[in-house]
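Raw final.cif, mmCIF, C-alpha atoms:
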```cif
data_data
loop_
_atom_site.label_atom_id
_atom_site.label_comp_id
_atom_site.auth_asym_id
_atom_site.auth_seq_id
_atom_site.Cartn_x
_atom_site.Cartn_y
_atom_site.Cartn_z
CA MET G 12 -101.42 5.49 7.30
CA ASN G 13 -97.69 5.89 6.56
CA SER G 14 -97.04 4.59 3.01
CA ARG G 15 -93.56 3.47 4.11
CA SER G 16 -94.85 1.32 6.96
CA ILE G 17 -93.79 -2.31 6.60
CA ILE G 18 -95.36 -3.31 9.96
CA GLU G 19 -98.66 -1.94 11.23
CA VAL G 20 -100.05 -2.98 14.60
CA HIS G 21 -103.66 -1.98 15.29
CA ASN G 22 -105.29 -2.29 18.74
CA LEU G 23 -103.49 -5.55 19.49
CA THR G 24 -104.66 -7.42 22.60
CA LYS G 25 -103.54 -10.83 23.83
CA ILE G 26 -105.19 -12.64 26.76
CA TYR G 27 -103.93 -15.96 28.11
CA HIS G 28 -106.17 -18.22 30.18
CA ILE G 29 -104.27 -19.88 33.00
CA GLY G 30 -105.73 -22.77 34.98
CA LYS G 31 -106.29 -21.94 38.64
CA LYS G 32 -105.73 -24.43 41.42
CA SER G 33 -108.90 -25.21 43.30
CA ARG G 34 -108.82 -24.99 47.07
CA ASP G 35 -111.30 -27.88 47.39
CA LEU G 36 -110.00 -31.43 46.72
CA ARG G 37 -113.45 -32.84 45.97
CA TYR G 38 -114.07 -30.02 43.47
CA THR G 39 -110.70 -30.68 41.79
CA ILE G 40 -111.38 -34.44 41.45
CA GLY G 41 -114.81 -33.65 40.04
CA ASN G 42 -113.26 -31.38 37.41
CA ILE G 43 -110.84 -34.11 36.37
CA ILE G 44 -113.66 -36.64 35.95
CA THR G 45 -116.22 -34.36 34.32
CA SER G 46 -113.91 -31.84 32.60
CA LYS G 47 -116.54 -29.23 33.48
CA ASN G 48 -116.55 -25.97 35.38
CA LYS G 49 -112.80 -25.54 35.13
CA SER G 50 -111.55 -22.40 36.82
CA TYR G 51 -109.21 -20.07 34.91
CA GLU G 52 -107.63 -16.72 35.51
CA LYS G 53 -106.98 -14.26 32.71
CA LEU G 54 -103.52 -12.86 32.03
CA LEU G 55 -103.55 -9.71 29.93
CA ALA G 56 -100.21 -9.94 28.09
CA LEU G 57 -100.91 -7.13 25.59
CA ASP G 58 -103.48 -4.40 26.11
CA ASP G 59 -104.73 -2.57 23.01
CA ILE G 60 -101.37 -1.51 21.55
CA SER G 61 -100.81 0.23 18.22
CA PHE G 62 -97.63 1.31 16.42
CA ASN G 63 -95.96 1.36 12.98
CA VAL G 64 -92.49 0.31 11.85
CA ASN G 65 -91.03 1.90 8.74
CA GLU G 66 -89.24 0.02 6.01
CA GLY G 67 -85.46 -0.11 6.42
CA GLU G 68 -85.22 0.87 10.08
CA VAL G 69 -84.04 -0.89 13.22
CA PHE G 70 -86.93 -0.68 15.68
CA GLY G 71 -86.38 -1.30 19.39
CA ILE G 72 -88.76 -2.80 21.95
CA ILE G 73 -87.79 -2.38 25.62
CA GLY G 74 -89.42 -2.94 28.99
CA PRO G 75 -89.12 -5.01 32.17
CA ASN G 76 -89.61 -8.76 32.30
CA GLY G 77 -93.27 -9.69 31.88
CA SER G 78 -94.15 -6.52 29.99
CA GLY G 79 -95.29 -8.36 26.82
CA LYS G 80 -92.22 -7.96 24.59
CA SER G 81 -91.80 -11.63 23.69
CA THR G 82 -95.56 -12.12 23.28
CA LEU G 83 -95.57 -9.26 20.78
CA LEU G 84 -92.76 -10.80 18.73
CA LYS G 85 -94.49 -14.18 18.75
CA ILE G 86 -97.61 -12.55 17.33
CA LEU G 87 -95.55 -10.76 14.66
CA SER G 88 -93.88 -14.09 13.88
CA ARG G 89 -97.28 -15.83 13.58
CA ILE G 90 -96.31 -18.28 16.33
CA THR G 91 -99.36 -17.22 18.30
CA TYR G 92 -102.41 -15.13 17.42
CA PRO G 93 -103.91 -12.07 19.10
CA THR G 94 -107.15 -12.17 21.05
CA SER G 95 -108.22 -9.01 19.22
CA GLY G 96 -106.70 -6.45 16.91
CA ARG G 97 -104.39 -7.18 14.01
CA ALA G 98 -100.79 -6.97 12.86
CA ILE G 99 -100.03 -6.33 9.18
CA LEU G 100 -96.55 -7.29 7.94
CA ARG G 101 -95.58 -6.59 4.35
CA GLY G 102 -92.75 -8.92 3.48
CA ARG G 103 -90.98 -12.19 4.16
CA ILE G 104 -90.31 -12.66 7.88
CA SER G 105 -87.39 -14.37 9.61
CA SER G 106 -87.50 -14.71 13.41
CA LEU G 107 -84.79 -15.33 15.97
CA LEU G 108 -86.61 -15.84 19.24
CA GLU G 109 -85.61 -17.80 22.34
CA VAL G 110 -82.98 -20.51 21.99
CA GLY G 111 -84.61 -23.75 20.88
CA THR G 112 -87.04 -22.39 18.30
CA GLY G 113 -86.69 -22.46 14.54
CA PHE G 114 -84.55 -25.59 14.09
CA HIS G 115 -85.40 -29.27 13.98
CA HIS G 116 -83.15 -30.80 16.64
CA GLU G 117 -82.74 -34.15 14.87
CA LEU G 118 -81.46 -32.52 11.68
CA THR G 119 -77.90 -31.34 11.07
CA GLY G 120 -76.91 -27.71 10.77
CA ARG G 121 -76.69 -28.10 6.99
CA GLU G 122 -80.18 -29.62 6.78
CA ASN G 123 -81.65 -26.90 8.98
CA ILE G 124 -80.23 -24.18 6.74
CA PHE G 125 -82.04 -25.68 3.74
CA LEU G 126 -85.20 -26.28 5.79
CA ASN G 127 -85.34 -22.66 6.95
CA GLY G 128 -84.69 -21.36 3.46
CA SER G 129 -87.51 -23.52 2.08
CA ILE G 130 -89.90 -22.21 4.76
CA LEU G 131 -89.01 -18.67 3.66
CA GLY G 132 -89.95 -19.61 0.09
CA MET G 133 -86.44 -19.70 -1.33
CA SER G 134 -85.39 -22.11 -4.03
CA LYS G 135 -82.63 -24.69 -3.45
CA LYS G 136 -80.39 -22.70 -5.81
CA GLU G 137 -80.92 -19.50 -3.81
CA ILE G 138 -80.10 -21.26 -0.54
CA LYS G 139 -76.96 -22.82 -2.03
CA SER G 140 -75.75 -19.39 -3.12
CA LYS G 141 -75.94 -18.21 0.51
CA PHE G 142 -74.77 -21.42 2.18
CA ASP G 143 -71.02 -20.74 2.42
CA GLU G 144 -71.63 -17.20 3.66
CA ILE G 145 -73.98 -18.48 6.38
CA VAL G 146 -71.56 -21.14 7.59
CA ASP G 147 -68.57 -18.77 7.51
CA PHE G 148 -70.42 -16.11 9.51
CA SER G 149 -71.57 -18.63 12.12
CA GLY G 150 -68.04 -19.94 12.70
CA ILE G 151 -69.20 -23.54 13.26
CA GLU G 152 -68.16 -25.12 9.96
CA LYS G 153 -66.61 -28.09 11.80
CA PHE G 154 -70.02 -29.02 13.17
CA ILE G 155 -72.25 -28.18 10.20
CA ASP G 156 -73.02 -31.88 9.58
CA THR G 157 -73.72 -32.60 13.27
CA ALA G 158 -77.30 -32.78 14.56
CA VAL G 159 -78.11 -29.45 16.24
CA LYS G 160 -79.36 -31.27 19.37
CA HIS G 161 -75.64 -31.73 20.17
CA TYR G 162 -74.87 -27.99 19.82
CA SER G 163 -74.10 -25.77 22.79
CA SER G 164 -76.42 -22.79 23.26
CA GLY G 165 -73.73 -20.50 21.85
CA MET G 166 -73.27 -22.63 18.70
CA TYR G 167 -77.03 -22.82 18.27
CA VAL G 168 -77.46 -19.06 18.47
CA ARG G 169 -74.57 -18.36 16.10
CA LEU G 170 -76.03 -20.60 13.41
CA ALA G 171 -79.62 -19.46 14.03
CA PHE G 172 -78.72 -15.78 13.72
CA SER G 173 -76.59 -16.39 10.66
CA VAL G 174 -79.45 -18.25 8.95
CA ALA G 175 -82.02 -15.61 9.92
CA ALA G 176 -79.89 -12.69 8.75
CA HIS G 177 -78.48 -14.11 5.52
CA LEU G 178 -81.57 -15.65 3.93
CA GLU G 179 -82.69 -12.16 2.92
CA PRO G 180 -85.95 -11.64 4.80
CA GLU G 181 -87.65 -8.28 4.37
CA ILE G 182 -88.30 -8.29 8.15
CA LEU G 183 -85.93 -9.72 10.78
CA LEU G 184 -87.33 -10.19 14.31
CA VAL G 185 -84.71 -10.68 17.07
CA ASP G 186 -85.54 -11.38 20.72
CA GLU G 187 -82.61 -10.94 23.15
CA VAL G 188 -80.87 -14.15 22.11
CA LEU G 189 -77.62 -12.37 21.21
CA SER G 190 -76.80 -12.25 24.94
CA VAL G 191 -75.96 -15.97 24.65
CA GLY G 192 -73.28 -15.56 22.01
CA ASP G 193 -69.64 -14.69 22.69
CA MET G 194 -68.41 -11.10 22.55
CA ASN G 195 -66.88 -11.22 19.07
CA PHE G 196 -69.98 -12.81 17.58
CA ARG G 197 -72.26 -10.22 19.22
CA LYS G 198 -70.16 -7.48 17.64
CA LYS G 199 -70.47 -9.17 14.22
CA SER G 200 -74.21 -9.59 14.74
CA MET G 201 -74.76 -5.92 15.52
CA GLY G 202 -72.86 -5.01 12.38
CA LYS G 203 -74.97 -7.47 10.39
CA MET G 204 -78.23 -5.97 11.72
CA ASN G 205 -77.04 -2.53 10.61
CA GLU G 206 -76.15 -4.01 7.22
CA VAL G 207 -79.60 -5.59 6.93
CA ALA G 208 -81.28 -2.26 7.70
CA SER G 209 -79.02 -0.24 5.37
CA SER G 210 -79.96 -2.61 2.53
CA GLY G 211 -83.59 -1.50 2.91
CA ARG G 212 -84.78 -4.38 5.08
CA THR G 213 -86.25 -4.00 8.56
CA VAL G 214 -85.10 -5.23 11.98
CA VAL G 215 -87.27 -5.38 15.09
CA LEU G 216 -85.07 -5.88 18.15
CA VAL G 217 -86.02 -6.77 21.73
CA SER G 218 -83.22 -6.29 24.24
CA HIS G 219 -82.47 -5.31 27.84
CA ASN G 220 -79.14 -3.86 26.68
CA LEU G 221 -80.00 -0.17 26.46
CA GLY G 222 -76.60 0.62 24.94
CA ILE G 223 -77.24 -1.69 21.99
CA ILE G 224 -80.78 -0.33 21.63
CA ASN G 225 -79.51 3.27 21.62
CA ASN G 226 -76.76 2.54 19.11
CA LEU G 227 -78.73 0.40 16.67
CA CYS G 228 -82.30 1.68 16.72
CA GLN G 229 -83.90 4.82 15.33
CA ASN G 230 -87.37 4.44 16.86
CA GLY G 231 -89.02 2.16 19.37
CA ILE G 232 -91.55 1.54 22.10
CA TYR G 233 -91.39 1.05 25.86
CA LEU G 234 -93.80 -1.63 27.07
CA HIS G 235 -95.02 -2.08 30.65
CA ASN G 236 -97.79 -4.44 31.77
CA GLY G 237 -98.77 -4.97 28.15
CA ARG G 238 -99.26 -1.28 27.37
CA ILE G 239 -97.15 1.19 25.43
CA ILE G 240 -95.82 3.79 27.87
CA LYS G 241 -93.71 5.69 25.35
CA SER G 242 -93.12 5.50 21.60
CA GLY G 243 -91.07 7.53 19.16
CA LEU G 244 -87.39 8.38 18.83
CA ILE G 245 -85.32 5.78 20.65
CA ASN G 246 -83.47 8.27 22.87
CA SER G 247 -86.72 9.54 24.35
CA VAL G 248 -88.07 5.98 24.73
CA VAL G 249 -84.96 4.82 26.63
CA GLU G 250 -85.02 7.94 28.80
CA ALA G 251 -88.68 7.31 29.70
CA TYR G 252 -87.83 3.73 30.69
CA GLN G 253 -84.91 4.84 32.85
CA ASN G 254 -86.91 7.59 34.54
CA SER G 255 -89.75 5.21 35.36
CA TYR G 256 -87.48 2.98 37.46
CA LYS G 257 -87.38 4.28 41.02
CA PRO G 258 -85.95 1.84 43.53
CA ASP G 259 -86.31 2.54 47.26
CA ILE G 260 -83.91 5.35 48.20
CA SER G 261 -84.86 5.67 51.86
CA LEU G 262 -82.15 5.18 54.49
CA SER G 263 -82.44 1.76 56.08
CA ILE G 264 -81.54 2.97 59.60
CA SER G 265 -81.54 6.31 61.45
CA LYS G 266 -80.33 9.22 59.35
CA LYS G 267 -79.06 11.13 62.34
CA SER G 268 -76.30 10.82 64.90
CA LYS G 269 -75.52 13.32 67.64
CA TYR G 270 -73.00 14.94 65.30
CA ILE G 271 -74.64 15.11 61.88
CA GLU G 272 -77.96 14.56 60.09
CA VAL G 273 -78.10 13.19 56.54
CA LYS G 274 -81.28 14.54 54.96
CA GLU G 275 -81.06 12.91 51.53
CA ILE G 276 -78.79 10.93 49.26
CA LYS G 277 -79.25 11.29 45.52
CA ILE G 278 -77.61 9.41 42.67
CA LEU G 279 -77.51 11.53 39.53
CA SER G 280 -76.77 10.04 36.13
CA GLN G 281 -75.14 12.02 33.33
CA THR G 282 -78.56 13.19 32.10
CA GLY G 283 -78.64 15.38 35.23
CA GLY G 284 -81.85 14.16 36.83
CA GLY G 285 -82.00 12.24 40.09
CA SER G 286 -82.37 8.57 39.24
CA ASN G 287 -81.41 5.26 40.78
CA ILE G 288 -81.17 3.56 37.43
CA ILE G 289 -77.79 4.05 35.79
CA SER G 290 -76.19 2.78 32.61
CA CYS G 291 -72.72 1.23 32.51
CA GLY G 292 -70.23 3.94 31.64
CA ASP G 293 -72.38 6.83 32.87
CA ASN G 294 -70.72 9.75 34.60
CA VAL G 295 -72.30 9.46 38.05
CA LYS G 296 -72.66 11.96 40.89
CA ILE G 297 -73.61 10.99 44.45
CA ASP G 298 -75.00 13.95 46.43
CA ILE G 299 -75.27 13.81 50.23
CA GLU G 300 -77.38 16.60 51.72
CA PHE G 301 -76.60 17.20 55.41
CA ASN G 302 -77.00 19.37 58.51
CA THR G 303 -74.32 19.46 61.20
CA LEU G 304 -75.57 19.31 64.79
CA VAL G 305 -72.23 20.30 66.31
CA LYS G 306 -69.14 22.02 64.94
CA ILE G 307 -67.18 19.55 62.81
CA LYS G 308 -63.64 19.85 61.41
CA ASN G 309 -61.45 17.55 59.34
CA LEU G 310 -64.35 15.51 57.98
CA LEU G 311 -63.56 12.27 56.21
CA VAL G 312 -66.32 10.83 54.00
CA LYS G 313 -66.27 7.22 52.85
CA ILE G 314 -68.63 5.44 50.46
CA ILE G 315 -68.55 1.66 50.06
CA VAL G 316 -70.35 0.09 47.09
CA ARG G 317 -71.57 -3.48 47.60
CA ASP G 318 -73.28 -5.97 45.31
CA HIS G 319 -76.56 -7.80 46.02
CA ASN G 320 -74.61 -10.40 48.03
CA LYS G 321 -73.24 -7.64 50.33
CA GLN G 322 -69.74 -8.16 48.95
CA THR G 323 -67.59 -5.03 48.83
CA ILE G 324 -66.95 -3.96 45.24
CA PHE G 325 -65.04 -0.70 45.71
CA SER G 326 -64.85 2.33 48.01
CA CYS G 327 -64.51 6.07 47.52
CA ASN G 328 -62.80 8.15 50.21
CA ASN G 329 -61.92 11.84 50.16
CA LYS G 330 -58.68 10.96 51.93
CA PHE G 331 -57.48 9.21 48.77
CA TYR G 332 -57.24 12.58 47.03
CA ASP G 333 -56.07 14.54 50.10
CA SER G 334 -59.38 16.43 50.10
CA ILE G 335 -60.56 16.00 53.71
CA PHE G 336 -63.00 18.79 54.50
CA LYS G 337 -61.17 20.91 57.06
CA GLU G 338 -64.12 23.25 57.58
CA VAL G 339 -67.71 21.96 57.43
CA PRO G 340 -70.68 24.34 57.05
CA LYS G 341 -73.82 23.99 59.17
CA GLN G 342 -75.64 22.68 56.13
CA GLY G 343 -74.71 21.77 52.62
CA THR G 344 -74.21 19.02 50.04
CA ILE G 345 -71.21 16.73 49.67
CA ARG G 346 -70.71 15.44 46.14
CA CYS G 347 -68.72 12.39 44.98
CA GLN G 348 -68.19 12.13 41.22
CA ILE G 349 -67.43 8.83 39.52
CA PRO G 350 -66.57 9.24 35.83
CA LYS G 351 -67.46 6.38 33.52
CA LEU G 352 -69.00 4.03 36.09
CA PRO G 353 -67.07 0.72 35.70
CA LEU G 354 -69.80 -1.59 37.01
CA ASN G 355 -71.45 -4.36 35.00
CA THR G 356 -75.22 -4.79 35.10
CA GLY G 357 -76.78 -5.67 38.45
CA GLU G 358 -78.12 -4.34 41.75
CA TYR G 359 -75.88 -2.49 44.18
CA SER G 360 -76.05 -0.56 47.46
CA ILE G 361 -74.01 2.16 49.16
CA ASP G 362 -72.79 2.26 52.77
CA LEU G 363 -71.96 5.74 54.08
CA PHE G 364 -69.43 6.66 56.81
CA PHE G 365 -68.33 9.97 58.33
CA GLU G 366 -65.24 10.39 60.51
CA GLU G 367 -63.88 13.41 62.34
CA ASN G 368 -60.18 13.23 63.22
CA ARG G 369 -60.30 9.41 62.77
CA LYS G 370 -63.35 9.10 65.05
CA GLU G 371 -66.49 7.63 63.48
CA ILE G 372 -69.40 10.06 63.87
CA PHE G 373 -71.95 8.62 61.42
CA LYS G 374 -72.56 5.25 59.79
CA VAL G 375 -75.42 3.84 57.74
CA SER G 376 -75.57 0.56 55.80
CA GLU G 377 -77.48 0.36 52.52
CA ALA G 378 -77.99 4.09 52.60
CA VAL G 379 -79.17 3.95 49.01
CA ARG G 380 -79.77 1.19 46.46
CA PHE G 381 -79.42 1.45 42.72
CA GLU G 382 -79.43 -0.70 39.59
CA VAL G 383 -76.98 -0.63 36.71
CA PHE G 384 -78.31 -1.41 33.23
CA ALA G 385 -76.33 -2.28 30.12
CA GLY G 386 -74.90 0.80 28.47
CA SER G 387 -72.20 2.13 26.18
CA TYR G 388 -69.10 1.65 28.34
CA TYR G 389 -67.35 0.23 25.30
CA SER G 390 -67.82 1.85 21.90
CA THR G 391 -69.39 -1.37 20.59
CA SER G 392 -72.00 -1.50 23.42
CA ILE G 393 -71.03 -5.17 23.84
CA MET G 394 -71.24 -6.29 27.47
CA PRO G 395 -69.31 -9.10 29.19
CA TYR G 396 -71.22 -11.83 30.99
CA HIS G 397 -73.12 -10.82 34.12
CA ASP G 398 -70.70 -12.60 36.48
CA ARG G 399 -67.98 -10.13 35.48
CA ILE G 400 -68.40 -7.31 37.99
CA PHE G 401 -66.02 -4.70 36.63
CA LEU G 402 -65.67 -3.05 33.26
CA VAL G 403 -62.09 -1.96 32.58
CA ASP G 404 -61.12 0.55 29.93
CA HIS G 405 -58.37 -0.95 27.78
CA LYS G 406 -56.79 -0.95 24.33
CA TRP G 407 -55.33 -3.67 22.09
CA SER G 408 -52.50 -3.69 19.57
CA ILE G 409 -50.26 -6.12 17.77
CA GLU G 410 -46.80 -5.48 16.36
#
```

Could you render the structure from this file as structure tokens?
Amino acid sequence: MNSRSIIEVHNLTKIYHIGKKSRDLRYTIGNIITSKNKSYEKLLALDDISFNVNEGEVFGIIGPNGSGKSTLLKILSRITYPTSGRAILRGRISSLLEVGTGFHHELTGRENIFLNGSILGMSKKEIKSKFDEIVDFSGIEKFIDTAVKHYSSGMYVRLAFSVAAHLEPEILLVDEVLSVGDMNFRKKSMGKMNEVASSGRTVVLVSHNLGIINNLCQNGIYLHNGRIIKSGLINSVVEAYQNSYKPDISLSISKKSKYIEVKEIKILSQTGGGSNIISCGDNVKIDIEFNTLVKIKNLLVKIIVRDHNKQTIFSCNNKFYDSIFKEVPKQGTIRCQIPKLPLNTGEYSIDLFFEENRKEIFKVSEAVRFEVFAGSYYSTSIMPYHDRIFLVDHKWSIE
């Protein structure tokens, strides 16, 4: 056992029992009357997982939806209990889970600050000493004496994070809720989590934003179907998650015309390996492996990137750079390089077109599909809302 471990998770398993709908009406009515022989199905949310978190580190938990991340944090927060196994936490815990937990909706912001401090075992004097700092950080001082049921989700999250981070817990558990806050507040929150960790306290962070995870965390785990797929240094954990995601890369229609055959299309991220999962800001290469079936000259290659609604986002064309391929070998690979991919998170597809002397000789729609995950396009790793398609490099100044 590591003497510095502040969290120890041993063989943790969580099973939920979900009521199943009966196919027989008479049987269903009988169950209602007798309350006997109810049919359930088991959902294995966590499957025998074990890991340690060291004191004073930011620990990341990543994985797809339904992998067990939130269930794990609820067990660590003592909101729910495991079916088997145990979790040992050495210190005062503050949790920031989904929006709507942790506050009494009928109480004001001020009253909820004192309520949360009391739950953490703080005296009224201790809470008062932190009160102004909490309110100032949250930025909602005008509404501090308003019942929180009237708060917007952004106001709620700002106050909830400020309370959780400033009331000096030894362990801070955060589950994705920072995606609700505005950009400036998310930047402040990331700085605060680093401050919490540098003061010797511990942060456990669940997020889909791989850029934030990479920048903030030292170690972590990758969960899938309730099991730990990878644990250890956060870079290797994130890489394992990215490499495990393999969307369908097959061409959706014929790969061959009478002029040219496209054998394979690969999307390569900056790590160098073929992968259809890319992070915002990655340097991306698109490789098109081909065979010519006739002699081709003056080849124009066009790539159109579309979103999940089939809307055109942007196109790449070798004509733009006066680099039409005047001579084309019998076989080879055409490469398109896109530095610092400017796409926000989401699913995208690529249409591919070949032209010879302005005559179309090959066309395929949805030649390849790929997904963009949150990354480090901006130095802060803060991402705009999902409905913003493009990320634009820019600078600010004031004179």

Chain and number of each residue from the PyMOL selection byres ((chain G and resi 298) around 10), as JSON, numbers by chain: {"G": [275, 276, 277, 278, 279, 285, 295, 296, 297, 299, 300, 301, 343, 344, 345, 346, 347, 348]}

Run the PyMOL selection byres ((chain G and resi 234) around 8) mentally over the shown coordinates, then write out the matched residues as a JSON list (two decimals) with C-alpha atoms, in the frame of the given file, using the chain letters and numbers from the document.
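Result saved to part.json:
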```json
[["chain", "number", "residue", "atom", "x", "y", "z"],
["G", 72, "ILE", "CA", -88.76, -2.80, 21.95],
["G", 73, "ILE", "CA", -87.79, -2.38, 25.62],
["G", 74, "GLY", "CA", -89.42, -2.94, 28.99],
["G", 75, "PRO", "CA", -89.12, -5.01, 32.17],
["G", 78, "SER", "CA", -94.15, -6.52, 29.99],
["G", 79, "GLY", "CA", -95.29, -8.36, 26.82],
["G", 80, "LYS", "CA", -92.22, -7.96, 24.59],
["G", 232, "ILE", "CA", -91.55, 1.54, 22.10],
["G", 233, "TYR", "CA", -91.39, 1.05, 25.86],
["G", 235, "HIS", "CA", -95.02, -2.08, 30.65],
["G", 236, "ASN", "CA", -97.79, -4.44, 31.77],
["G", 237, "GLY", "CA", -98.77, -4.97, 28.15],
["G", 238, "ARG", "CA", -99.26, -1.28, 27.37],
["G", 239, "ILE", "CA", -97.15, 1.19, 25.43],
["G", 240, "ILE", "CA", -95.82, 3.79, 27.87],
["G", 241, "LYS", "CA", -93.71, 5.69, 25.35]]
```

Please evaluate the PyMOL selection byres ((chain G and resi 320-327) around 12) against the displayed coordinates and give the resulting residues as JSON, numbers by chain. {"G": [297, 311, 312, 313, 314, 315, 316, 317, 318, 319, 328, 329, 330, 331, 332, 334, 346, 347, 348, 349, 352, 353, 354, 355, 357, 358, 359, 360, 361, 362, 363, 364, 376, 377, 380, 399, 400, 401]}

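Reported to one decimal place, the separation of CA of Leu84 (chain G) from CA of Asp186 (chain G) is 7.5 Å.
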
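Interatomic distance, CA of Ser209 (chain G) against CA of Phe384 (chain G): 27.9 Å.
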
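You can rank G:Thr119, G:Thr213, G:Gln253, G:Asn22 by their closest distance to Ser106 (chain G) using all atoms listed in the file, and at the top of that list sits G:Thr213.
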
How close does region 174-278 of chain G get to region 131-141 of chain G? List, as CSV, each residue of region 174-278 of chain G within 10 Å, its nearest atom pair and the distance in Å to one decimal, counting all atoms listed in the file.
```
residue,atom,partner,partner_atom,distance
G:Val174,CA,G:Lys141,CA,9.1
G:Ala175,CA,G:Leu131,CA,9.9
G:His177,CA,G:Lys141,CA,7.0
G:Leu178,CA,G:Lys141,CA,7.1
G:Glu179,CA,G:Leu131,CA,9.1
G:Pro180,CA,G:Leu131,CA,7.8
```

Separating CA of Gly67 (chain G) from CA of Arg97 (chain G), to the nearest tenth of an Å, is a gap of 21.6 Å

Please identify all polymer residues within 6 Å of region 214-230 of chain G, counting only C-alpha atoms, omitting same-chain residues fewer than 2 positions from it, and present them as a compact mmCIF listing (two decimals) with C-alpha atoms, in the frame of the given file.
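The resulting part.txt:
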```
# COMPACT_ATOMS: atom_id res chain seq x y z
CA VAL G 69 -84.04 -0.89 13.22
CA PHE G 70 -86.93 -0.68 15.68
CA GLY G 71 -86.38 -1.30 19.39
CA ILE G 72 -88.76 -2.80 21.95
CA ILE G 182 -88.30 -8.29 8.15
CA LEU G 183 -85.93 -9.72 10.78
CA LEU G 184 -87.33 -10.19 14.31
CA VAL G 185 -84.71 -10.68 17.07
CA ASP G 186 -85.54 -11.38 20.72
CA GLU G 187 -82.61 -10.94 23.15
CA GLY G 243 -91.07 7.53 19.16
CA LEU G 244 -87.39 8.38 18.83
CA ILE G 245 -85.32 5.78 20.65
CA ALA G 385 -76.33 -2.28 30.12
CA GLY G 386 -74.90 0.80 28.47
CA SER G 387 -72.20 2.13 26.18
CA SER G 392 -72.00 -1.50 23.42
```

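Nearest residue to Phe381 (chain G), choosing from G:His116, G:Lys308, G:Ile289, G:Glu366 and counting all atoms listed in the file: G:Ile289.
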
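Nearest residue to Thr82 (chain G), choosing from G:Ile26, G:Phe62, G:Asn127, G:Ile104 and counting all atoms listed in the file: G:Ile26.
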
Name all residues at most 12 Å from Pro93 (chain G) (count only C-alpha atoms; drop same-chain ones fewer than 6 positions away) and give them as a ChimeraX atom specification. /G:20-27,55-60,82-87

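Proximity to Ile372 (chain G) was assessed for G:Glu272, G:Glu338, G:Glu144, G:Asp156 counting all atoms listed in the file; the smallest distance is recorded for G:Glu272.
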
My list of candidates is G:Asp147, G:Ala251, G:Phe196, G:Ser242. Which is closest to Gly165 (chain G) when distances are computed with only C-alpha atoms? G:Phe196

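Of the listed residues G:Phe172, G:Gly120, G:Leu107, G:Ile29, the one whose atoms come nearest to Lys153 (chain G) is G:Gly120, with distances taken using all atoms listed in the file.
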
From the coordinates I just gave you, please extract region 17-29 of chain G so that only N, CA and C atoms remain, then output it as a tab-separated table (two decimals), in the first residue's frame.
```
chain	number	residue	atom	x	y	z
G	17	ILE	N	-4.31	8.89	-0.63
G	17	ILE	CA	-5.41	9.51	0.10
G	17	ILE	C	-6.74	8.84	-0.28
G	18	ILE	N	-6.77	8.19	-1.46
G	18	ILE	CA	-7.93	7.41	-1.89
G	18	ILE	C	-7.45	6.02	-2.30
G	19	GLU	N	-8.06	5.00	-1.75
G	19	GLU	CA	-7.78	3.62	-2.15
G	19	GLU	C	-9.08	2.94	-2.53
G	20	VAL	N	-9.13	2.41	-3.72
G	20	VAL	CA	-10.30	1.69	-4.21
G	20	VAL	C	-9.92	0.24	-4.41
G	21	HIS	N	-10.64	-0.66	-3.71
G	21	HIS	CA	-10.31	-2.08	-3.73
G	21	HIS	C	-11.48	-2.90	-4.27
G	22	ASN	N	-11.30	-3.50	-5.44
G	22	ASN	CA	-12.26	-4.48	-6.01
G	22	ASN	C	-13.70	-3.96	-5.96
G	23	LEU	N	-13.87	-2.73	-6.41
G	23	LEU	CA	-15.18	-2.07	-6.33
G	23	LEU	C	-16.10	-2.58	-7.45
G	24	THR	N	-17.29	-3.02	-7.05
G	24	THR	CA	-18.32	-3.47	-8.00
G	24	THR	C	-19.64	-2.82	-7.63
G	25	LYS	N	-20.35	-2.35	-8.65
G	25	LYS	CA	-21.68	-1.78	-8.43
G	25	LYS	C	-22.65	-2.36	-9.44
G	26	ILE	N	-23.72	-2.99	-8.92
G	26	ILE	CA	-24.76	-3.57	-9.77
G	26	ILE	C	-26.08	-2.87	-9.47
G	27	TYR	N	-26.73	-2.38	-10.52
G	27	TYR	CA	-28.07	-1.81	-10.40
G	27	TYR	C	-29.09	-2.83	-10.88
G	28	HIS	N	-30.24	-2.88	-10.20
G	28	HIS	CA	-31.33	-3.76	-10.62
G	28	HIS	C	-32.41	-2.89	-11.26
G	29	ILE	N	-32.67	-3.16	-12.52
G	29	ILE	CA	-33.62	-2.36	-13.29
G	29	ILE	C	-34.85	-3.20	-13.58
```
